[in-house]
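S.K.: Next up, input_4.txt (compact mmCIF, C-alpha atoms).
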# COMPACT_ATOMS: atom_id res chain seq x y z
CA MET A 1310 102.91 -114.46 85.37
CA LYS A 1311 100.60 -111.54 84.68
CA LYS A 1312 101.36 -109.34 81.70
CA HIS A 1313 101.96 -105.62 81.88
CA LEU A 1314 102.05 -102.90 79.27
CA ALA A 1315 104.53 -100.05 78.84
CA LEU A 1316 103.29 -97.14 76.75
CA ILE A 1317 106.14 -94.90 75.68
CA ARG A 1318 105.03 -91.39 74.85
CA GLY A 1319 106.06 -89.65 71.65
CA ILE A 1320 108.63 -92.00 70.15
CA ASN A 1321 108.97 -92.71 66.44
CA VAL A 1322 106.72 -89.79 65.52
CA GLY A 1323 108.47 -87.90 62.76
CA LYS A 1324 112.26 -87.88 62.73
CA ALA A 1325 112.86 -87.21 66.42
CA LYS A 1326 113.01 -89.74 69.25
CA ARG A 1327 113.62 -92.78 67.04
CA ILE A 1328 113.89 -96.17 68.74
CA ALA A 1329 114.10 -99.48 66.89
CA MET A 1330 111.71 -101.99 68.41
CA ALA A 1331 114.42 -104.68 68.44
CA GLU A 1332 116.59 -102.36 70.58
CA LEU A 1333 113.64 -101.64 72.87
CA ARG A 1334 112.92 -105.36 73.34
CA ALA A 1335 116.61 -106.03 74.06
CA LEU A 1336 116.67 -103.19 76.60
CA MET A 1337 113.55 -104.52 78.35
CA GLU A 1338 115.12 -107.98 78.59
CA GLU A 1339 118.37 -106.49 79.88
CA LEU A 1340 116.35 -104.68 82.57
CA GLY A 1341 115.07 -108.07 83.70
CA TYR A 1342 111.61 -108.23 82.11
CA LEU A 1343 110.28 -111.43 80.57
CA ASP A 1344 108.29 -112.45 77.48
CA VAL A 1345 108.86 -109.02 75.93
CA GLN A 1346 106.79 -108.19 72.83
CA THR A 1347 106.37 -104.92 70.98
CA LEU A 1348 103.39 -103.87 68.90
CA LEU A 1349 103.76 -101.53 65.96
CA ASN A 1350 106.60 -99.03 65.88
CA SER A 1351 105.15 -96.59 68.36
CA GLY A 1352 106.24 -97.56 71.85
CA ASN A 1353 103.91 -100.33 72.92
CA VAL A 1354 105.58 -103.08 74.95
CA VAL A 1355 103.89 -106.08 76.55
CA PHE A 1356 106.00 -107.90 79.15
CA GLY A 1357 106.05 -109.92 82.32
CA ILE A 1358 107.55 -108.79 85.61
CA PRO A 1359 109.39 -111.45 87.61
CA ALA A 1360 108.54 -111.49 91.32
CA LYS A 1361 112.10 -110.55 92.29
CA LEU A 1362 111.96 -107.31 90.25
CA LYS A 1363 110.53 -104.65 92.57
CA GLY A 1364 110.14 -100.89 92.36
CA ASP A 1365 108.81 -98.29 89.96
CA HIS A 1366 108.87 -100.05 86.60
CA ALA A 1367 107.94 -96.96 84.58
CA ALA A 1368 110.87 -95.03 86.07
CA ARG A 1369 113.22 -97.99 85.53
CA ILE A 1370 112.24 -98.31 81.85
CA GLN A 1371 112.29 -94.55 81.29
CA ARG A 1372 115.77 -94.31 82.78
CA GLY A 1373 116.97 -97.25 80.67
CA ILE A 1374 115.65 -95.68 77.47
CA SER A 1375 117.36 -92.41 78.30
CA GLU A 1376 120.70 -93.86 79.42
CA GLN A 1377 121.06 -96.71 76.95
CA LEU A 1378 119.14 -95.54 73.88
CA GLY A 1379 119.69 -91.80 74.25
CA VAL A 1380 116.01 -90.89 74.01
CA SER A 1381 114.05 -88.94 76.59
CA ALA A 1382 110.46 -90.17 76.68
CA ARG A 1383 107.82 -90.53 79.39
CA VAL A 1384 106.82 -94.14 80.13
CA LEU A 1385 103.52 -95.32 81.55
CA VAL A 1386 103.23 -98.89 82.87
CA ILE A 1387 99.85 -100.48 83.49
CA SER A 1388 98.85 -104.00 84.38
CA GLY A 1389 96.91 -106.25 82.07
CA ASP A 1390 94.05 -105.98 84.57
CA VAL A 1391 93.93 -102.21 84.18
CA LEU A 1392 94.02 -102.53 80.39
CA ALA A 1393 91.13 -105.02 80.57
CA LYS A 1394 89.19 -102.53 82.68
CA VAL A 1395 89.85 -99.72 80.18
CA VAL A 1396 88.49 -101.94 77.40
CA ALA A 1397 85.49 -103.13 79.43
CA GLU A 1398 84.55 -99.59 80.52
CA ASN A 1399 84.45 -98.32 76.94
CA PRO A 1400 81.75 -95.61 77.19
CA LEU A 1401 81.76 -94.93 73.45
CA ALA A 1402 81.17 -98.45 72.14
CA ASP A 1403 78.95 -97.18 69.33
CA VAL A 1404 81.67 -95.28 67.42
CA SER A 1405 82.11 -96.54 63.89
CA ASP A 1406 85.79 -96.02 63.04
CA PRO A 1407 88.31 -97.26 65.63
CA SER A 1408 91.16 -95.37 63.93
CA ARG A 1409 89.42 -92.10 64.88
CA TYR A 1410 88.74 -93.18 68.43
CA LEU A 1411 91.49 -92.41 70.96
CA VAL A 1412 92.07 -93.70 74.45
CA SER A 1413 94.24 -91.39 76.53
CA PHE A 1414 95.90 -93.37 79.33
CA VAL A 1415 96.98 -91.38 82.39
CA HIS A 1416 99.85 -91.86 84.82
CA ASP A 1417 97.60 -90.94 87.73
CA ALA A 1418 93.87 -91.67 87.58
CA ALA A 1419 93.24 -88.58 89.73
CA ASP A 1420 94.40 -86.48 86.75
CA LEU A 1421 91.19 -87.37 84.94
CA ALA A 1422 89.45 -84.85 87.20
CA LYS A 1423 91.35 -82.12 85.31
CA LEU A 1424 89.10 -82.91 82.34
CA GLY A 1425 85.99 -81.77 84.24
CA PRO A 1426 85.70 -78.44 82.39
CA LEU A 1427 86.02 -80.18 79.02
CA LEU A 1428 83.37 -82.73 79.95
CA GLN A 1429 80.95 -79.85 80.58
CA GLN A 1430 81.41 -78.50 77.04
CA SER A 1431 79.72 -79.68 73.88
CA TRP A 1432 82.22 -81.03 71.37
CA LYS A 1433 79.66 -82.25 68.80
CA PRO A 1434 80.14 -84.13 66.62
CA GLU A 1435 83.14 -85.15 68.71
CA LEU A 1436 82.70 -86.92 72.05
CA LEU A 1437 84.67 -87.02 75.29
CA ALA A 1438 84.15 -89.42 78.18
CA THR A 1439 86.22 -90.69 81.08
CA GLY A 1440 86.56 -94.02 82.82
CA SER A 1441 88.50 -95.00 85.91
CA HIS A 1442 91.92 -95.09 84.18
CA ALA A 1443 91.56 -93.30 80.84
CA ALA A 1444 89.81 -90.66 78.77
CA TYR A 1445 87.99 -91.66 75.59
CA LEU A 1446 87.94 -89.28 72.61
CA TRP A 1447 85.85 -89.77 69.47
CA CYS A 1448 87.12 -87.65 66.57
CA PRO A 1449 84.81 -88.44 63.62
CA SER A 1450 86.43 -85.92 61.26
CA GLY A 1451 89.88 -87.34 61.94
CA ILE A 1452 92.34 -86.94 64.76
CA LEU A 1453 94.45 -84.31 62.99
CA ASP A 1454 91.37 -82.15 62.31
CA SER A 1455 89.98 -82.50 65.82
CA LYS A 1456 90.37 -79.89 68.54
CA LEU A 1457 89.56 -82.38 71.30
CA PRO A 1458 92.94 -84.20 71.51
CA GLU A 1459 94.71 -80.84 71.72
CA ALA A 1460 92.40 -79.63 74.51
CA VAL A 1461 92.86 -82.87 76.47
CA GLY A 1462 96.60 -82.73 75.90
CA ARG A 1463 96.80 -79.17 77.25
CA LEU A 1464 95.20 -80.25 80.52
CA LEU A 1465 96.98 -83.59 80.97
CA GLY A 1466 100.37 -82.68 79.47
CA ASP A 1467 102.91 -85.47 79.43
CA GLY A 1468 100.93 -87.20 82.18
CA ALA A 1469 98.99 -89.00 79.47
CA THR A 1470 99.60 -90.88 76.25
CA ALA A 1471 97.01 -91.83 73.65
CA ARG A 1472 96.47 -94.86 71.44
CA ASN A 1473 93.68 -95.46 68.94
CA TRP A 1474 91.04 -98.07 69.70
CA THR A 1475 92.42 -100.54 67.14
CA THR A 1476 95.82 -100.48 68.89
CA VAL A 1477 94.18 -100.75 72.33
CA ASN A 1478 92.37 -103.90 71.21
CA LYS A 1479 95.55 -105.40 69.73
CA LEU A 1480 97.40 -104.72 72.98
CA HIS A 1481 94.53 -106.25 74.95
CA ALA A 1482 94.75 -109.40 72.82
CA LEU A 1483 98.51 -109.62 73.44
CA VAL A 1484 98.08 -109.14 77.18
CA THR A 1485 95.29 -111.70 77.49
CA GLY A 1486 96.70 -114.16 74.97
CA ALA A 1487 93.43 -114.03 73.02
Write the structure described by the file as structure tokens, please.

M.R.:
Amino acid sequence: MKKHLALIRGINVGKAKRIAMAELRALMEELGYLDVQTLLNSGNVVFGIPAKLKGDHAARIQRGISEQLGVSARVLVISGDVLAKVVAENPLADVSDPSRYLVSFVHDAADLAKLGPLLQQSWKPELLATGSHAAYLWCPSGILDSKLPEAVGRLLGDGATARNWTTVNKLHALVTGA
């Protein structure tokens, strides 16, 4: 069974939208997903989808989180194949600090076109690039001091969620079993 990844936007950041990972894993299993694993405390879930479970998995998980855990949060589900492609396409492979390198996953790949105006601007020393399923943001002075994540966030809204490169690689290892 191929692995999938649910990225839950904006949970466990500050005091709002708190979800215990044990509760999230239990919810995912109750919804019918298999081999459920979470990574970190920030809404990263790797899981398998049984063949009999059809439909919009992001909507199903999002609804479950809202109804059973009382938290409203946008959920993005991607396949392990898409995650592998995001890792393989890495256009900024030369960056030196993966904790300052963000990958912004989008719900709809067509939304990446919204970043066109930003791609035309110079962000030096920061960098912005896009792939087929994600935007890549290098923030050498730190993510909190960078204007680039805010600019990308304004254009993509809650249609995207970001993870740093270290987390992306850990999720990739979980999905591939490496």

S.K.: Using all atoms listed in the file, find each residue of segment 1320-1424 of chain A with at least one atom at most 6 Å away from an atom of segment 1459-1470 of chain A; report its shortest atom-to-atom pair and that distance in Å (one decimal), sort the rows by chain and rising residue number, and return the result as JSON lines.

M.R.:
{"residue": "A:Ser1413", "atom": "CA", "partner": "A:Thr1470", "partner_atom": "CA", "distance": 5.4}
{"residue": "A:Phe1414", "atom": "CA", "partner": "A:Ala1469", "partner_atom": "CA", "distance": 5.4}
{"residue": "A:Val1415", "atom": "CA", "partner": "A:Ala1469", "partner_atom": "CA", "distance": 4.3}
{"residue": "A:His1416", "atom": "CA", "partner": "A:Gly1468", "partner_atom": "CA", "distance": 5.5}

S.K.: At what distance in Å, to one decimal, does atom CA of Lys1423 of chain A lie from atom CA of Gly1451 of chain A?

M.R.: 24.0 Å

S.K.: Provide the atom CA of Ala1393 of chain A to atom CA of Val1380 of chain A distance in Å, to one decimal place.

M.R.: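 Going from atom CA of Ala1393 of chain A over to atom CA of Val1380 of chain A, I get 29.4 Å.
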
S.K.: How would you write as an NGL selection string the residues that get within 10 Å of (104.2, -100.1, 86.7) in the file's frame, counting all atoms listed in the file?

M.R.: :A and (1313-1315 or 1358 or 1363-1370 or 1384-1388 or 1416)

S.K.: Next, write the just-selected residues to a file, as a PDB file, in the frame of the given file, keeping C-alpha atoms as the atom set.

M.R.:
ATOM      1  CA  HIS A1313     101.960-105.620  81.880  1.00  0.00           C
ATOM      2  CA  LEU A1314     102.050-102.900  79.270  1.00  0.00           C
ATOM      3  CA  ALA A1315     104.530-100.050  78.840  1.00  0.00           C
ATOM      4  CA  ILE A1358     107.550-108.790  85.610  1.00  0.00           C
ATOM      5  CA  LYS A1363     110.530-104.650  92.570  1.00  0.00           C
ATOM      6  CA  GLY A1364     110.140-100.890  92.360  1.00  0.00           C
ATOM      7  CA  ASP A1365     108.810 -98.290  89.960  1.00  0.00           C
ATOM      8  CA  HIS A1366     108.870-100.050  86.600  1.00  0.00           C
ATOM      9  CA  ALA A1367     107.940 -96.960  84.580  1.00  0.00           C
ATOM     10  CA  ALA A1368     110.870 -95.030  86.070  1.00  0.00           C
ATOM     11  CA  ARG A1369     113.220 -97.990  85.530  1.00  0.00           C
ATOM     12  CA  ILE A1370     112.240 -98.310  81.850  1.00  0.00           C
ATOM     13  CA  VAL A1384     106.820 -94.140  80.130  1.00  0.00           C
ATOM     14  CA  LEU A1385     103.520 -95.320  81.550  1.00  0.00           C
ATOM     15  CA  VAL A1386     103.230 -98.890  82.870  1.00  0.00           C
ATOM     16  CA  ILE A1387      99.850-100.480  83.490  1.00  0.00           C
ATOM     17  CA  SER A1388      98.850-104.000  84.380  1.00  0.00           C
ATOM     18  CA  HIS A1416      99.850 -91.860  84.820  1.00  0.00           C
TER      19      HIS A1416
END

S.K.: Rounded to one decimal in Å, what is the spacing between atom CA of Asp1420 of chain A and atom CA of Pro1458 of chain A?

M.R.: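 Result for atom CA of Asp1420 of chain A versus atom CA of Pro1458 of chain A: 15.5 Å, one decimal.
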
S.K.: Which of these residues is nearest to Ser1405 of chain A, using only C-alpha atoms: A:Thr1485, A:Ser1450, A:Gln1429, A:Thr1476?

M.R.: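 Of A:Thr1485, A:Ser1450, A:Gln1429, A:Thr1476, the one nearest Ser1405 of chain A, counting only C-alpha atoms, is A:Ser1450.
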
S.K.: Return the single residue from A:Leu1437, A:Ala1360, A:Ala1444, A:Leu1483 that is closest to Val1395 of chain A, with distances computed using all atoms listed in the file.

M.R.: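 Of the candidates, the smallest distance to Val1395 of chain A is held by A:Ala1444.
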
S.K.: Point out the residue among A:Ala1418, A:Leu1428, A:Leu1411, A:Leu1436 with the least atom-to-atom distance to Thr1475 of chain A, counting all atoms listed in the file.

M.R.: A:Leu1411

S.K.: List the neighbours of Glu1435 of chain A out to 9 Å using only C-alpha atoms; skip same-chain residues closer than 4 positions along the sequence, and give me the result as a compact mmCIF listing (two decimals) with C-alpha atoms, in the coordinates of the input.

M.R.:
# COMPACT_ATOMS: atom_id res chain seq x y z
CA SER A 1431 79.72 -79.68 73.88
CA LEU A 1446 87.94 -89.28 72.61
CA TRP A 1447 85.85 -89.77 69.47
CA CYS A 1448 87.12 -87.65 66.57
CA PRO A 1449 84.81 -88.44 63.62
CA SER A 1450 86.43 -85.92 61.26
CA SER A 1455 89.98 -82.50 65.82
CA LYS A 1456 90.37 -79.89 68.54
CA LEU A 1457 89.56 -82.38 71.30

S.K.: Taking only C-alpha atoms into account, which of A:Leu1401, A:Val1355, A:Leu1427, A:Leu1362 comes nearest His1481 of chain A?

M.R.: A:Val1355

S.K.: Show me, as a list in words, the residues that have an atom within 7 Å of segment 1340-1344 of chain A when counting all atoms listed in the file, minus same-chain residues fewer than 2 positions from it.

M.R.: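 My reading of the contact set: Leu1336, Met1337, Glu1338, Gln1346, Phe1356, Gly1357, Ile1358 and Pro1359 of chain A.
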